[in-house]
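K.L.:
This is the structure I have questions about; it appears just below.
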Amino acid sequence: RMGMKLSDSSLVARKMSQLEFHAFAAPGYLARRGTPRTLEELAEHDWVLWRPVPAIKLSKVRVLCDDFMFMRGAVRAGLGVGVLPSFVAAEDLATGKLVRVVPRWAQPGGSLFLVYPKSQHLPRKVIAFRDFLKEFVAARPLALALSP
């Protein structure tokens, strides 16, 4: 679960990572529209948004969605600039499918939690998934993984 605060006290929430968001675009989109260098230039571009970004006044929102994987796909397809969690875009950044724009800009975005029911004995599959998730987040170049 991604978010700022968990409200259900019947669950255990283990913080896996601090989230940081960055602006990304596809190379093809940047070839057509130019690469923004400032927040003012960035605001003039087409946008793929999960939710409004308070730090930037936007001119054109082309896609509004509630799923980061869909959003990543739309940004990769060249529909506009998207503000994604760094770990969601890390692989595409490494392979050149996405480019980080206005690199000095970042938006803090809460935390990534592993959430599961309280239990005396944690099932092995939950332990295995927890360990996998820790490694997955830590291996992403832009992830802000926490120490074990």
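Residues in the structure tokens are numbered from 1 in each chain, the chains being A, B, ... in the order shown, and ligands are numbered from 1 in the order shown.
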List every residue of segment 31-93 of chain A that has an atom at most 12 Å from any atom of segment 97-103 of chain A, and for each one report the closest atom pair and its distance in Å to one decimal, counting only C-alpha atoms, with rows sorted by chain and then by increasing residue number, as a Markdown table.
P.N.:
```
| residue | atom | partner | partner_atom | distance |
| --- | --- | --- | --- | --- |
| A:Ala31 | CA | A:Val99 | CA | 11.4 |
| A:Gly34 | CA | A:Val101 | CA | 10.5 |
| A:Thr35 | CA | A:Val101 | CA | 7.0 |
| A:Pro36 | CA | A:Val102 | CA | 6.5 |
| A:Arg37 | CA | A:Val102 | CA | 5.3 |
| A:Thr38 | CA | A:Val102 | CA | 6.0 |
| A:Leu39 | CA | A:Val102 | CA | 7.1 |
| A:Glu40 | CA | A:Val102 | CA | 10.2 |
| A:Glu41 | CA | A:Val102 | CA | 9.3 |
| A:Leu42 | CA | A:Val102 | CA | 7.7 |
| A:Ala43 | CA | A:Val102 | CA | 11.0 |
| A:His45 | CA | A:Val101 | CA | 11.3 |
| A:Ile56 | CA | A:Val102 | CA | 11.9 |
| A:Arg72 | CA | A:Leu98 | CA | 9.1 |
| A:Gly73 | CA | A:Lys97 | CA | 10.2 |
| A:Ala74 | CA | A:Leu98 | CA | 11.1 |
| A:Val75 | CA | A:Leu98 | CA | 7.9 |
| A:Arg76 | CA | A:Leu98 | CA | 6.4 |
| A:Ala77 | CA | A:Lys97 | CA | 9.3 |
| A:Gly78 | CA | A:Leu98 | CA | 9.4 |
| A:Gly80 | CA | A:Leu98 | CA | 11.2 |
| A:Val81 | CA | A:Val101 | CA | 8.5 |
| A:Gly82 | CA | A:Val101 | CA | 9.7 |
| A:Val83 | CA | A:Arg100 | CA | 9.5 |
| A:Leu84 | CA | A:Arg100 | CA | 10.0 |
| A:Pro85 | CA | A:Arg100 | CA | 11.6 |
| A:Ser86 | CA | A:Arg100 | CA | 9.7 |
| A:Val88 | CA | A:Leu98 | CA | 11.0 |
| A:Ala89 | CA | A:Leu98 | CA | 7.3 |
| A:Ala90 | CA | A:Leu98 | CA | 8.8 |
| A:Glu91 | CA | A:Lys97 | CA | 8.5 |
| A:Asp92 | CA | A:Lys97 | CA | 4.9 |
| A:Leu93 | CA | A:Leu98 | CA | 4.8 |
```
K.L.:
Go through segment 13-99 of chain A and collect every residue that DSSP, computed from the backbone, puts in strand (DSSP E); the answer should be as a list in words.
P.N.:
Ala13, Arg14, Lys15, Met16, Ser17, Gln18, Leu19, Glu20, Phe21, His22, Ala23, Phe24, Ala25, Asp46, Trp47, Val48, Leu49, Lys60, Val61, Arg62, Val63, Leu64, Val81, Gly82, Val83, Leu84, Pro85 and Val99 of chain A
K.L.:
Find the residue from A:Leu64, A:Leu112, A:Leu122, A:Ala23 that sits nearest to Lys134 of chain A; use only C-alpha atoms when measuring.
P.N.:
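Answer, going by the shortest atom-to-atom distance: A:Leu112.
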K.L.:
Would you mind writing down, as an NGL selection string, each residue of chain A that DSSP on the backbone assigns to alpha helix (DSSP H)?
P.N.:
:A and (27-33 or 39-43 or 68-76 or 86-95 or 124-139)
K.L.:
Counting only C-alpha atoms, figure out which residue out of A:Leu133, A:Ala25, A:Ile127, A:Leu114 gets nearest to Ala13 of chain A.
P.N.:
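Once distances to Ala13 of chain A are computed over only C-alpha atoms, the minimum belongs to A:Leu114.
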K.L.:
Skipping near chain neighbours, those fewer than 5 positions away, what residues fall within 12 Å of Ser119 of chain A using only C-alpha atoms, listed as a list in words?
P.N.:
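Listed by chain and then number, they are Ser10, Leu11, Val12 and Val126 of chain A.
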K.L.:
Output N, CA and C atoms for every residue in the selection just made, as a PDB file, in the first residue's frame.
P.N.:
```pdb
ATOM      1  N   SER A  10      -6.378  -3.010  12.899  1.00  0.00           N
ATOM      2  CA  SER A  10      -6.380  -4.468  12.940  1.00  0.00           C
ATOM      3  C   SER A  10      -5.330  -5.049  11.989  1.00  0.00           C
ATOM      4  N   LEU A  11      -4.591  -4.204  11.313  1.00  0.00           N
ATOM      5  CA  LEU A  11      -3.573  -4.645  10.377  1.00  0.00           C
ATOM      6  C   LEU A  11      -2.179  -4.256  10.863  1.00  0.00           C
ATOM      7  N   VAL A  12      -1.199  -5.024  10.418  1.00  0.00           N
ATOM      8  CA  VAL A  12       0.199  -4.691  10.659  1.00  0.00           C
ATOM      9  C   VAL A  12       0.697  -4.002   9.397  1.00  0.00           C
ATOM     10  N   VAL A 126       3.800 -15.038   3.536  1.00  0.00           N
ATOM     11  CA  VAL A 126       3.860 -13.607   3.849  1.00  0.00           C
ATOM     12  C   VAL A 126       5.308 -13.214   4.122  1.00  0.00           C
TER      13      VAL A 126
END
```
K.L.:
Just give me the gap between atom CA of Arg33 of chain A and atom CA of Leu19 of chain A in Å, one decimal is fine.
P.N.:
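Going from atom CA of Arg33 of chain A over to atom CA of Leu19 of chain A, I get 28.4 Å.
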K.L.:
Quick one: everything within 9 Å of Asp46 of chain A, counting only C-alpha atoms, minus sequence neighbours fewer than 5 positions away in the same chain. Send it as a list of chain:residue names.
P.N.:
A:Leu58, A:Ser59, A:Lys60, A:Val61, A:Arg62, A:Val63, A:Leu79, A:Gly80, A:Val81, A:Gly82
K.L.:
Can you measure atom CA of Arg124 of chain A to atom CA of Ser17 of chain A for me? One decimal in Å is fine.
P.N.:
21.9 Å
K.L.:
For a test of reading the model, state the distance in Å between atom CA of Gln107 of chain A and atom CA of Thr95 of chain A, rounded to one decimal.
P.N.:
23.0 Å
K.L.:
Would you please work out which residue, of A:Pro117, A:Glu44, A:Arg51, A:Ala138, is nearest to Gln18 of chain A when using only C-alpha atoms?
P.N.:
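Among the listed residues, A:Ala138 lies closest to Gln18 of chain A.
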K.L.:
Counting only C-alpha atoms, figure out which residue out of A:Arg14, A:His22, A:Ala139, A:Met69 gets nearest to Ala106 of chain A.
P.N.:
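Using only C-alpha atoms, the shortest distance to Ala106 of chain A belongs to A:His22.
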